[in-house]
Amino acid sequence: MGIDFLHKAYVRPSTYTTCIILTFMDQITYYGGLFFMTWATFERHLIIFHSAVFNTKRGRILFHYLPILSIFVYITLYYISVDFFYPCENHFNYLAFWCGFICYMNLPIPTLLGIELIAHQVVPMILIGIFSLALFLRVIFSRQRLRQSIEWKKYRRMIIQLLSTSTIYLIFTTPFSLNPIAQAVGLPPMFTTPVYAKVSTYWTFGVPICVPFVILLSLPKVKEKFKPLLKICGLGRVVPTR
């Protein structure tokens with residue numbers, strides 16, 4: 001739908017239902033992704049350094065399935081509440097990206113939107129950075145000391161995949177996060193301009209574009225299949241001629 005708008009310059013079909021469903025789906029996928037990524041960065045600490053908690057059915061339910069289910073339920077119920085039942089009237093603009101803003105987003109900050117951006121955008125972004133950095137440091141400092149008790153080769157791919165994905169999230173979500181921070185603490189005006197807000201919003205699209213490639217390229221079999229393609233494109237190893 002977003003690509004179609006960028007191509008046609010208007011929302012199709014131009015209806016109230018399209019706009020509110022489009023907004024709802026965008027919110028639960030984007031913010032849900034941030035929440036799931038935040039939990040994934042923390043869960044990797046448990047998997048690598050406290051793997052015993054997953055040995056029992058109760059442990060798997062408490063530390064894997066329950067957090068995922070809780071995130072899904074919370075995000076879904078929250079955005080159903082604010083998108084469909086918040087006491088305000090929507091005036092969608094079919095010539096604006098995502099139909100403009102849903103009504104509760106147009107209220108002056110600080111409001112529900114300001115709190116939401118801090119809780120759903122800024123805090124997860126900070127936690128992703130902290131948990132990822134902490135995992136990297138724990139691995140570095142613990143590798144020699146715990147070499148015998150932790151199968152590092154088993155977790156190597158997982159760690160690389162997580163750190164790569166976290167880096168992508170931080171690169172593409174940090175600019176968007178600066179907008180609510182700027183409005184809350186009074187950063188320079190450049191971070192609160194409509195142009196910056198629009199550019200940083202488009203910038204977040206880099207997450208769904210790049211993450212699948214990071215995951216695919218971290219899989220050995222997929223990487224092997226890419227090697228012939230790289231050679232065809234002239235990116236393979238060049239063997240000097242005698």
# chains A, B, ... in the order shown; residues from 1 in each chain; ligands from 1
>>> residues_around(residues="A:Tyr74", least_positions_apart="3", cutoff="12 Å", atoms="only C-alpha atoms", output="number ranges by chain")
A: 28, 31-32, 35-36, 66-71, 77-81, 120
>>> write_last_selection(atoms="C-alpha atoms", output="PDB file, in the first residue's frame")
ATOM      1  CA  ILE A  28       1.156  -3.041  14.992  1.00  0.00           C
ATOM      2  CA  TYR A  31       5.955  -1.109  16.924  1.00  0.00           C
ATOM      3  CA  GLY A  32       5.363  -4.816  17.357  1.00  0.00           C
ATOM      4  CA  PHE A  35       9.015  -4.819  20.913  1.00  0.00           C
ATOM      5  CA  PHE A  36       9.825  -8.280  19.566  1.00  0.00           C
ATOM      6  CA  LEU A  66       4.559 -15.980  27.288  1.00  0.00           C
ATOM      7  CA  PRO A  67       6.623 -12.834  26.525  1.00  0.00           C
ATOM      8  CA  ILE A  68       5.920 -13.176  22.797  1.00  0.00           C
ATOM      9  CA  LEU A  69       2.203 -13.671  23.403  1.00  0.00           C
ATOM     10  CA  SER A  70       2.122 -10.764  25.859  1.00  0.00           C
ATOM     11  CA  ILE A  71       3.748  -8.413  23.353  1.00  0.00           C
ATOM     12  CA  LEU A  77      -5.235  -4.253  22.085  1.00  0.00           C
ATOM     13  CA  TYR A  78      -3.512  -0.903  22.522  1.00  0.00           C
ATOM     14  CA  TYR A  79      -3.813   0.106  18.881  1.00  0.00           C
ATOM     15  CA  ILE A  80      -7.342  -1.230  18.586  1.00  0.00           C
ATOM     16  CA  SER A  81      -8.188   1.061  21.502  1.00  0.00           C
ATOM     17  CA  HIS A 120       6.970   2.398  22.050  1.00  0.00           C
TER      18      HIS A 120
END
>>> residues_around(residues="A:Ser166", least_positions_apart="2", cutoff="10 Å", atoms="only C-alpha atoms", output="number ranges by chain")
A: 37-38, 40-41, 125, 128-129, 131-133, 160-164, 168-171, 207, 211
>>> write_last_selection(atoms="all heavy atoms", output="short mmCIF file (atom, residue, chain, number, x, y, z; two decimals), in the first residue's frame")
data_model
loop_
_atom_site.label_atom_id
_atom_site.label_comp_id
_atom_site.auth_asym_id
_atom_site.auth_seq_id
_atom_site.Cartn_x
_atom_site.Cartn_y
_atom_site.Cartn_z
N MET A 37 11.89 -7.26 18.80
CA MET A 37 13.35 -7.16 18.69
C MET A 37 13.97 -6.88 20.05
O MET A 37 15.03 -7.42 20.39
CB MET A 37 13.71 -6.05 17.70
CG MET A 37 15.20 -5.98 17.38
SD MET A 37 15.76 -7.49 16.57
CE MET A 37 17.51 -7.43 16.93
N THR A 38 13.31 -6.05 20.83
CA THR A 38 13.81 -5.76 22.18
C THR A 38 13.85 -7.03 23.02
O THR A 38 14.85 -7.30 23.71
CB THR A 38 12.91 -4.71 22.87
OG1 THR A 38 12.85 -3.53 22.06
CG2 THR A 38 13.45 -4.35 24.24
N ALA A 40 13.96 -10.08 21.89
CA ALA A 40 14.92 -11.02 21.31
C ALA A 40 16.34 -10.72 21.78
O ALA A 40 17.11 -11.64 22.06
CB ALA A 40 14.86 -10.95 19.78
N THR A 41 16.68 -9.43 21.88
CA THR A 41 18.03 -9.08 22.34
C THR A 41 18.25 -9.49 23.79
O THR A 41 19.35 -9.88 24.18
CB THR A 41 18.29 -7.57 22.19
OG1 THR A 41 17.27 -6.84 22.87
CG2 THR A 41 18.31 -7.17 20.72
N MET A 125 14.23 1.29 21.47
CA MET A 125 15.47 1.54 20.74
C MET A 125 16.67 1.57 21.69
O MET A 125 17.72 0.98 21.42
CB MET A 125 15.37 2.87 19.99
CG MET A 125 16.58 3.20 19.14
SD MET A 125 16.74 4.96 18.83
CE MET A 125 17.18 5.57 20.46
N ILE A 128 17.35 -2.00 22.97
CA ILE A 128 18.00 -2.82 21.94
C ILE A 128 19.50 -2.54 21.93
O ILE A 128 20.32 -3.46 21.86
CB ILE A 128 17.38 -2.55 20.56
CG1 ILE A 128 15.97 -3.15 20.47
CG2 ILE A 128 18.26 -3.14 19.44
CD1 ILE A 128 15.22 -2.76 19.21
N GLY A 129 19.84 -1.26 21.99
CA GLY A 129 21.26 -0.90 22.01
C GLY A 129 21.97 -1.42 23.24
O GLY A 129 23.08 -1.96 23.16
N PHE A 131 21.04 -3.95 25.37
CA PHE A 131 21.11 -5.42 25.42
C PHE A 131 22.10 -5.97 24.39
O PHE A 131 22.81 -6.95 24.67
CB PHE A 131 19.72 -6.02 25.17
CG PHE A 131 18.73 -5.76 26.27
CD1 PHE A 131 17.37 -5.66 26.00
CD2 PHE A 131 19.15 -5.62 27.58
CE1 PHE A 131 16.45 -5.43 27.01
CE2 PHE A 131 18.25 -5.38 28.61
CZ PHE A 131 16.90 -5.28 28.32
N SER A 132 22.15 -5.37 23.22
CA SER A 132 23.07 -5.84 22.18
C SER A 132 24.52 -5.59 22.58
O SER A 132 25.38 -6.47 22.44
CB SER A 132 22.77 -5.15 20.84
OG SER A 132 21.46 -5.45 20.41
N LEU A 133 24.79 -4.39 23.08
CA LEU A 133 26.15 -4.08 23.52
C LEU A 133 26.55 -4.96 24.70
O LEU A 133 27.69 -5.46 24.76
CB LEU A 133 26.24 -2.60 23.91
CG LEU A 133 27.61 -2.12 24.43
CD1 LEU A 133 28.67 -2.30 23.36
CD2 LEU A 133 27.53 -0.66 24.86
N ILE A 160 26.00 -13.27 15.81
CA ILE A 160 26.26 -12.40 14.66
C ILE A 160 24.95 -11.91 14.05
O ILE A 160 24.81 -10.73 13.70
CB ILE A 160 27.10 -13.15 13.61
CG1 ILE A 160 28.50 -13.43 14.16
CG2 ILE A 160 27.19 -12.35 12.31
CD1 ILE A 160 29.36 -14.28 13.24
N GLN A 161 23.99 -12.82 13.93
CA GLN A 161 22.70 -12.46 13.37
C GLN A 161 22.00 -11.41 14.22
O GLN A 161 21.45 -10.42 13.71
CB GLN A 161 21.82 -13.70 13.25
CG GLN A 161 20.51 -13.48 12.52
CD GLN A 161 19.68 -14.75 12.48
OE1 GLN A 161 18.88 -15.02 13.36
NE2 GLN A 161 19.89 -15.56 11.44
N LEU A 162 22.04 -11.60 15.54
CA LEU A 162 21.38 -10.65 16.44
C LEU A 162 22.05 -9.28 16.38
O LEU A 162 21.37 -8.25 16.27
CB LEU A 162 21.41 -11.18 17.87
CG LEU A 162 20.88 -10.20 18.92
CD1 LEU A 162 19.38 -10.01 18.75
CD2 LEU A 162 21.20 -10.67 20.33
N LEU A 163 23.38 -9.25 16.46
CA LEU A 163 24.08 -7.97 16.45
C LEU A 163 23.89 -7.25 15.13
O LEU A 163 23.75 -6.02 15.10
CB LEU A 163 25.57 -8.19 16.74
CG LEU A 163 25.90 -8.73 18.14
CD1 LEU A 163 27.40 -8.93 18.29
CD2 LEU A 163 25.39 -7.77 19.22
N SER A 164 23.86 -7.99 14.03
CA SER A 164 23.64 -7.37 12.72
C SER A 164 22.24 -6.78 12.63
O SER A 164 22.05 -5.65 12.16
CB SER A 164 23.86 -8.39 11.61
OG SER A 164 25.15 -8.93 11.65
N ILE A 168 20.99 -2.75 12.36
CA ILE A 168 20.06 -2.23 11.35
C ILE A 168 18.91 -1.48 12.02
O ILE A 168 18.53 -0.38 11.59
CB ILE A 168 19.53 -3.37 10.48
CG1 ILE A 168 20.64 -3.88 9.56
CG2 ILE A 168 18.32 -2.92 9.66
CD1 ILE A 168 20.26 -5.08 8.74
N TYR A 169 18.36 -2.05 13.08
CA TYR A 169 17.28 -1.37 13.79
C TYR A 169 17.74 -0.02 14.32
O TYR A 169 17.02 0.98 14.21
CB TYR A 169 16.78 -2.25 14.95
CG TYR A 169 15.56 -3.06 14.60
CD1 TYR A 169 15.68 -4.32 14.03
CD2 TYR A 169 14.28 -2.57 14.82
CE1 TYR A 169 14.56 -5.08 13.70
CE2 TYR A 169 13.15 -3.32 14.50
CZ TYR A 169 13.30 -4.57 13.94
OH TYR A 169 12.18 -5.31 13.61
N LEU A 170 18.92 0.03 14.89
CA LEU A 170 19.41 1.28 15.47
C LEU A 170 19.68 2.32 14.38
O LEU A 170 19.38 3.50 14.55
CB LEU A 170 20.68 1.01 16.28
CG LEU A 170 20.49 0.18 17.55
CD1 LEU A 170 21.83 -0.12 18.20
CD2 LEU A 170 19.57 0.90 18.54
N ILE A 171 20.23 1.88 13.26
CA ILE A 171 20.53 2.81 12.17
C ILE A 171 19.26 3.44 11.60
O ILE A 171 19.19 4.65 11.37
CB ILE A 171 21.32 2.10 11.05
CG1 ILE A 171 22.74 1.77 11.52
CG2 ILE A 171 21.37 2.95 9.78
CD1 ILE A 171 23.53 0.93 10.54
N VAL A 207 14.37 -0.94 7.70
CA VAL A 207 14.34 -2.13 8.57
C VAL A 207 13.76 -3.33 7.84
O VAL A 207 14.44 -4.37 7.72
CB VAL A 207 13.58 -1.84 9.88
CG1 VAL A 207 13.42 -3.13 10.68
CG2 VAL A 207 14.30 -0.80 10.70
N VAL A 211 16.59 -6.30 6.96
CA VAL A 211 16.63 -7.42 7.91
C VAL A 211 16.53 -8.78 7.23
O VAL A 211 17.28 -9.71 7.57
CB VAL A 211 15.53 -7.25 8.98
CG1 VAL A 211 15.34 -8.54 9.77
CG2 VAL A 211 15.90 -6.12 9.92
#
>>> select_by_dssp(residues="stretch 23-121 of chain A", states="helix (DSSP H, G or I)", output="PyMOL selection string")
chain A and resi 23-49+51-54+57-84+97-99+103-106+112-121
>>> residues_around(residues="A:Ile48", least_positions_apart="3", cutoff="8 Å", atoms="only C-alpha atoms", output="short mmCIF file (atom, residue, chain, number, x, y, z; two decimals) with C-alpha atoms, in the first residue's frame")
data_model
loop_
_atom_site.label_atom_id
_atom_site.label_comp_id
_atom_site.auth_asym_id
_atom_site.auth_seq_id
_atom_site.Cartn_x
_atom_site.Cartn_y
_atom_site.Cartn_z
CA ARG A 44 19.66 -14.17 23.72
CA HIS A 45 21.32 -13.53 27.08
CA SER A 51 20.15 -21.97 28.78
CA ILE A 150 29.47 -22.84 26.51
CA TYR A 155 25.89 -19.71 19.27
#
>>> residues_around(residues="A:Phe63", least_positions_apart="4", cutoff="8 Å", atoms="only C-alpha atoms", output="PyMOL selection string")
chain A and resi 43+53-54+59+67
>>> write_last_selection(atoms="N, CA and C atoms", output="compact mmCIF listing (two decimals), in the first residue's frame")
# COMPACT_ATOMS: atom_id res chain seq x y z
N GLU A 43 16.44 -12.00 25.30
CA GLU A 43 16.31 -13.46 25.38
C GLU A 43 17.60 -14.16 25.00
N VAL A 53 17.20 -22.57 31.74
CA VAL A 53 15.81 -22.17 31.98
C VAL A 53 14.88 -22.69 30.89
N PHE A 54 15.44 -23.06 29.74
CA PHE A 54 14.62 -23.55 28.63
C PHE A 54 14.55 -25.07 28.59
N GLY A 59 9.74 -23.50 31.88
CA GLY A 59 10.71 -22.46 31.55
C GLY A 59 10.50 -21.92 30.15
N PRO A 67 6.25 -14.20 26.92
CA PRO A 67 6.62 -12.83 26.52
C PRO A 67 6.18 -12.49 25.11
>>> atom_distance(atom1="atom CA of A:Asp26", atom2="atom CA of A:Trp98")
8.7 Å
>>> closest_residue(among="A:Ile75, A:Ile102, A:Leu178, A:Leu112", to="A:Gly33", atoms="only C-alpha atoms")
A:Ile75
>>> closest_residue(among="A:Cys19, A:Ile130, A:Arg60, A:Lys198", to="A:Ile47", atoms="only C-alpha atoms")
A:Arg60
>>> closest_residue(among="A:Thr76, A:Ser142, A:Asn179, A:Asn90", to="A:Thr17", atoms="only C-alpha atoms")
A:Asn90
>>> atom_distance(atom1="atom CA of A:Thr173", atom2="atom CA of A:Ile140")
26.6 Å
>>> closest_residue(among="A:Tyr202, A:Phe24, A:Phe101, A:Phe49", to="A:Phe172", atoms="only C-alpha atoms")
A:Tyr202
>>> closest_residue(among="A:Leu34, A:Ser200, A:Ser218, A:Tyr10", to="A:Val122", atoms="only C-alpha atoms")
A:Leu34
>>> atom_distance(atom1="atom CA of A:Val11", atom2="atom CA of A:Tyr94")
5.2 Å
>>> closest_residue(among="A:Ile61, A:Val82, A:Val73, A:Ile215", to="A:Ile20", atoms="only C-alpha atoms")
A:Val82
>>> residues_around(residues="A:Phe176", least_positions_apart="6", cutoff="8 Å", atoms="only C-alpha atoms", output="list in words")
Ala197, Ser200, Thr201, Trp203 and Thr204 of chain A
>>> write_last_selection(atoms="all heavy atoms", output="tab-separated table (two decimals), in the first residue's frame")
chain	number	residue	atom	x	y	z
A	197	ALA	N	10.74	15.10	10.16
A	197	ALA	CA	9.81	14.05	10.57
A	197	ALA	C	9.45	13.15	9.40
A	197	ALA	O	9.39	11.92	9.53
A	197	ALA	CB	8.55	14.68	11.17
A	200	SER	N	12.65	11.06	8.31
A	200	SER	CA	12.96	10.02	9.29
A	200	SER	C	11.92	8.91	9.26
A	200	SER	O	12.23	7.75	9.55
A	200	SER	CB	13.06	10.62	10.69
A	200	SER	OG	11.83	11.20	11.09
A	201	THR	N	10.68	9.25	8.90
A	201	THR	CA	9.64	8.23	8.78
A	201	THR	C	9.94	7.30	7.61
A	201	THR	O	9.87	6.07	7.73
A	201	THR	CB	8.26	8.88	8.59
A	201	THR	OG1	7.96	9.69	9.73
A	201	THR	CG2	7.18	7.81	8.43
A	203	TRP	N	12.81	6.78	6.39
A	203	TRP	CA	14.06	6.10	6.71
A	203	TRP	C	13.82	4.79	7.44
A	203	TRP	O	14.59	3.84	7.31
A	203	TRP	CB	14.94	7.04	7.53
A	203	TRP	CG	16.33	6.54	7.80
A	203	TRP	CD1	16.85	6.20	9.01
A	203	TRP	CD2	17.39	6.34	6.86
A	203	TRP	NE1	18.16	5.80	8.89
A	203	TRP	CE2	18.52	5.88	7.57
A	203	TRP	CE3	17.49	6.51	5.48
A	203	TRP	CZ2	19.73	5.58	6.95
A	203	TRP	CZ3	18.70	6.21	4.86
A	203	TRP	CH2	19.79	5.75	5.59
A	204	THR	N	12.73	4.72	8.22
A	204	THR	CA	12.44	3.49	8.97
A	204	THR	C	12.12	2.32	8.04
A	204	THR	O	12.16	1.16	8.48
A	204	THR	CB	11.25	3.70	9.93
A	204	THR	OG1	10.08	4.07	9.19
A	204	THR	CG2	11.56	4.78	10.95
